[in-house]
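Undergrad: Here it is, the structure, as structure tokens.
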Amino acid sequence: MVKIEKIAAKSVYDPATYSQAIRVSGAQSIVFVSGQVAYDKKGGVAHVGDFKAQAREAFRSVVAQVKAAGGKPANIVKLNTYLTDVRYRADLIPIREAIFGKQLPASTLVGVTALAHPDWMIEVEAIAVI
């Protein structure tokens, strides 16, 4: 059975809304999820100009990929999130917590000048253990 636990070095500040490190034991598979964005049904950009809707869609897609591999959101141990404007960070936190609760995966947030399409505002990639 997979055991996933949050850990943090006592000598390093451990913010409540962040996981410094995740220890995994007993995993059978590792799933690497490519960057997920807000696609519409035809492969175009969904929710143009609406960061919150794009973020919900990107995270929905990450979770869907993990479920397709036999996992669930709790199996996600690492997130990399790319934002075209880091000021969206405040809007991002409640969207992530709606999926993961306060027990967040280890994560990295990066501000970028652009994503693969100029209308995408967020891209999320993940690692899950199942």
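Labeling convention for the structure tokens: chains A, B, ... as they appear, residues from 1 per chain, ligands from 1 in order of appearance.
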Running DSSP on the backbone, which parts of range 9-111 of chain A land in strand (DSSP E), as a list of chain:residue names?

TA: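 Strand (DSSP E) assignments inside range 9-111 of chain A correspond to A:Ala21, A:Ile22, A:Arg23, A:Val24, A:Ser25, A:Ile30, A:Val31, A:Phe32, A:Val33, A:Ser34, A:Gly35, A:Gln36, A:Ile76, A:Val77, A:Lys78, A:Leu79, A:Asn80, A:Thr81, A:Tyr82, A:Leu83, A:Ala106, A:Ser107, A:Thr108, A:Leu109, A:Val110, A:Gly111.
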
Undergrad: Restricting the output to N, CA and C atoms, write the selected residues as a CSV table (one decimal), in the first residue's frame.

TA:
```csv
chain,number,residue,atom,x,y,z
A,21,ALA,N,8.4,18.9,1.4
A,21,ALA,CA,8.8,17.6,0.8
A,21,ALA,C,7.7,16.6,1.1
A,22,ILE,N,7.7,15.6,0.3
A,22,ILE,CA,6.8,14.4,0.4
A,22,ILE,C,7.6,13.2,0.4
A,23,ARG,N,7.4,12.3,1.4
A,23,ARG,CA,8.1,11.0,1.4
A,23,ARG,C,7.0,10.0,0.9
A,24,VAL,N,7.5,9.1,0.0
A,24,VAL,CA,6.6,8.1,-0.6
A,24,VAL,C,7.2,6.7,-0.3
A,25,SER,N,6.5,5.8,0.2
A,25,SER,CA,6.9,4.4,0.3
A,25,SER,C,5.8,3.5,-0.2
A,30,ILE,N,4.8,5.1,-10.9
A,30,ILE,CA,5.0,6.5,-10.9
A,30,ILE,C,4.4,7.0,-12.1
A,31,VAL,N,3.6,8.1,-12.0
A,31,VAL,CA,2.9,8.6,-13.2
A,31,VAL,C,3.4,10.1,-13.4
A,32,PHE,N,3.9,10.4,-14.5
A,32,PHE,CA,4.4,11.7,-14.9
A,32,PHE,C,3.3,12.4,-15.8
A,33,VAL,N,2.7,13.4,-15.3
A,33,VAL,CA,1.6,14.1,-16.1
A,33,VAL,C,2.2,15.3,-16.7
A,34,SER,N,2.1,15.4,-18.0
A,34,SER,CA,2.6,16.5,-18.8
A,34,SER,C,1.8,17.7,-18.4
A,35,GLY,N,2.3,18.9,-18.7
A,35,GLY,CA,1.6,20.2,-18.5
A,35,GLY,C,0.2,20.1,-19.0
A,36,GLN,N,-0.8,20.5,-18.2
A,36,GLN,CA,-2.2,20.5,-18.5
A,36,GLN,C,-2.7,21.9,-18.6
A,76,ILE,N,-1.1,12.3,-5.9
A,76,ILE,CA,-0.3,13.3,-6.5
A,76,ILE,C,0.7,13.8,-5.4
A,77,VAL,N,2.0,13.7,-5.7
A,77,VAL,CA,3.0,14.1,-4.7
A,77,VAL,C,3.8,15.3,-5.2
A,78,LYS,N,3.7,15.7,-6.4
A,78,LYS,CA,4.5,16.9,-6.9
A,78,LYS,C,3.7,17.6,-7.9
A,79,LEU,N,3.6,18.9,-7.8
A,79,LEU,CA,3.0,19.8,-8.8
A,79,LEU,C,4.0,20.9,-9.2
A,80,ASN,N,4.0,21.2,-10.5
A,80,ASN,CA,4.7,22.3,-11.0
A,80,ASN,C,3.7,23.2,-11.7
A,81,THR,N,3.5,24.4,-11.3
A,81,THR,CA,2.5,25.3,-11.8
A,81,THR,C,3.2,26.5,-12.4
A,82,TYR,N,2.8,26.8,-13.6
A,82,TYR,CA,3.4,27.9,-14.4
A,82,TYR,C,2.3,29.0,-14.6
A,83,LEU,N,2.5,30.2,-14.2
A,83,LEU,CA,1.6,31.3,-14.3
A,83,LEU,C,2.2,32.4,-15.2
A,106,ALA,N,4.1,18.4,-2.6
A,106,ALA,CA,5.3,19.3,-2.8
A,106,ALA,C,5.0,20.0,-4.1
A,107,SER,N,5.4,21.3,-4.2
A,107,SER,CA,5.0,22.1,-5.4
A,107,SER,C,6.0,23.2,-5.6
A,108,THR,N,6.0,23.6,-6.9
A,108,THR,CA,6.8,24.7,-7.3
A,108,THR,C,5.8,25.6,-8.2
A,109,LEU,N,5.9,26.9,-7.9
A,109,LEU,CA,5.2,27.9,-8.7
A,109,LEU,C,6.2,28.8,-9.4
A,110,VAL,N,6.0,28.9,-10.7
A,110,VAL,CA,6.9,29.7,-11.6
A,110,VAL,C,6.1,30.7,-12.4
A,111,GLY,N,6.6,32.0,-12.4
A,111,GLY,CA,6.1,33.0,-13.3
A,111,GLY,C,6.8,32.9,-14.6
```

Undergrad: For Ala64 in chain A, find every residue with an atom within 12 Å (counting only C-alpha atoms), except residues of its own chain fewer than 5 positions away, and show them as a list in words.

TA: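 With the cut-off at 12 Å, the set is Val33, Gln36, Glu57, Ala58, Phe59, Ala69, Gly70, Gly71, Lys72, Pro73, Ile76, Ile99, Ala126 and Ala128 of chain A.
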
Undergrad: Using only C-alpha atoms, pick whichever of A:Asn75, A:Ala16, A:Gly101, A:Val63 has the shortest atom-to-atom distance to Val2 in chain A.

TA: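 Selected residue with least distance to Val2 in chain A: A:Asn75.
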
Undergrad: Find the distance between CA of Asp40 in chain A and CA of Trp120 in chain A and write it in Å to one decimal.

TA: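 Separation of CA of Asp40 in chain A and CA of Trp120 in chain A: 11.6 Å.
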
Undergrad: For each of A:Ala74, A:Val86, A:Ala27, A:Ala55, take the minimum atom-to-atom distance to Pro105 in chain A, counting only C-alpha atoms, then give the residue where this is smallest.

TA: A:Ala74

Undergrad: So that I can check the surroundings of Ala8 in chain A, please list as an MDAnalysis selection string every protein, DNA and RNA residue that reaches within 8 Å of it, counting only C-alpha atoms and ignoring chain neighbours fewer than 6 positions away.

TA: chainID A and resid 14 19:21

Undergrad: With C-alpha atoms retained, write the just-selected residues as a PDB file, in the first residue's frame.

TA:
```pdb
ATOM      1  CA  ASP A  14       7.382  25.276   6.720  1.00  0.00           C
ATOM      2  CA  SER A  19       4.611  21.179   1.444  1.00  0.00           C
ATOM      3  CA  GLN A  20       8.392  21.336   1.632  1.00  0.00           C
ATOM      4  CA  ALA A  21       8.823  17.635   0.838  1.00  0.00           C
TER       5      ALA A  21
END
```

Undergrad: Which residue is closest to Arg89 in chain A? Choose from A:Met121, A:Ala116, A:Val45, A:Ala68 and count only C-alpha atoms.

TA: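 Among the listed residues, the smallest separation from Arg89 in chain A belongs to A:Met121.
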
Undergrad: Suppose you want the space between CA of Ile127 in chain A and CA of Asp91 in chain A; what is it in Å?

TA: 22.6 Å
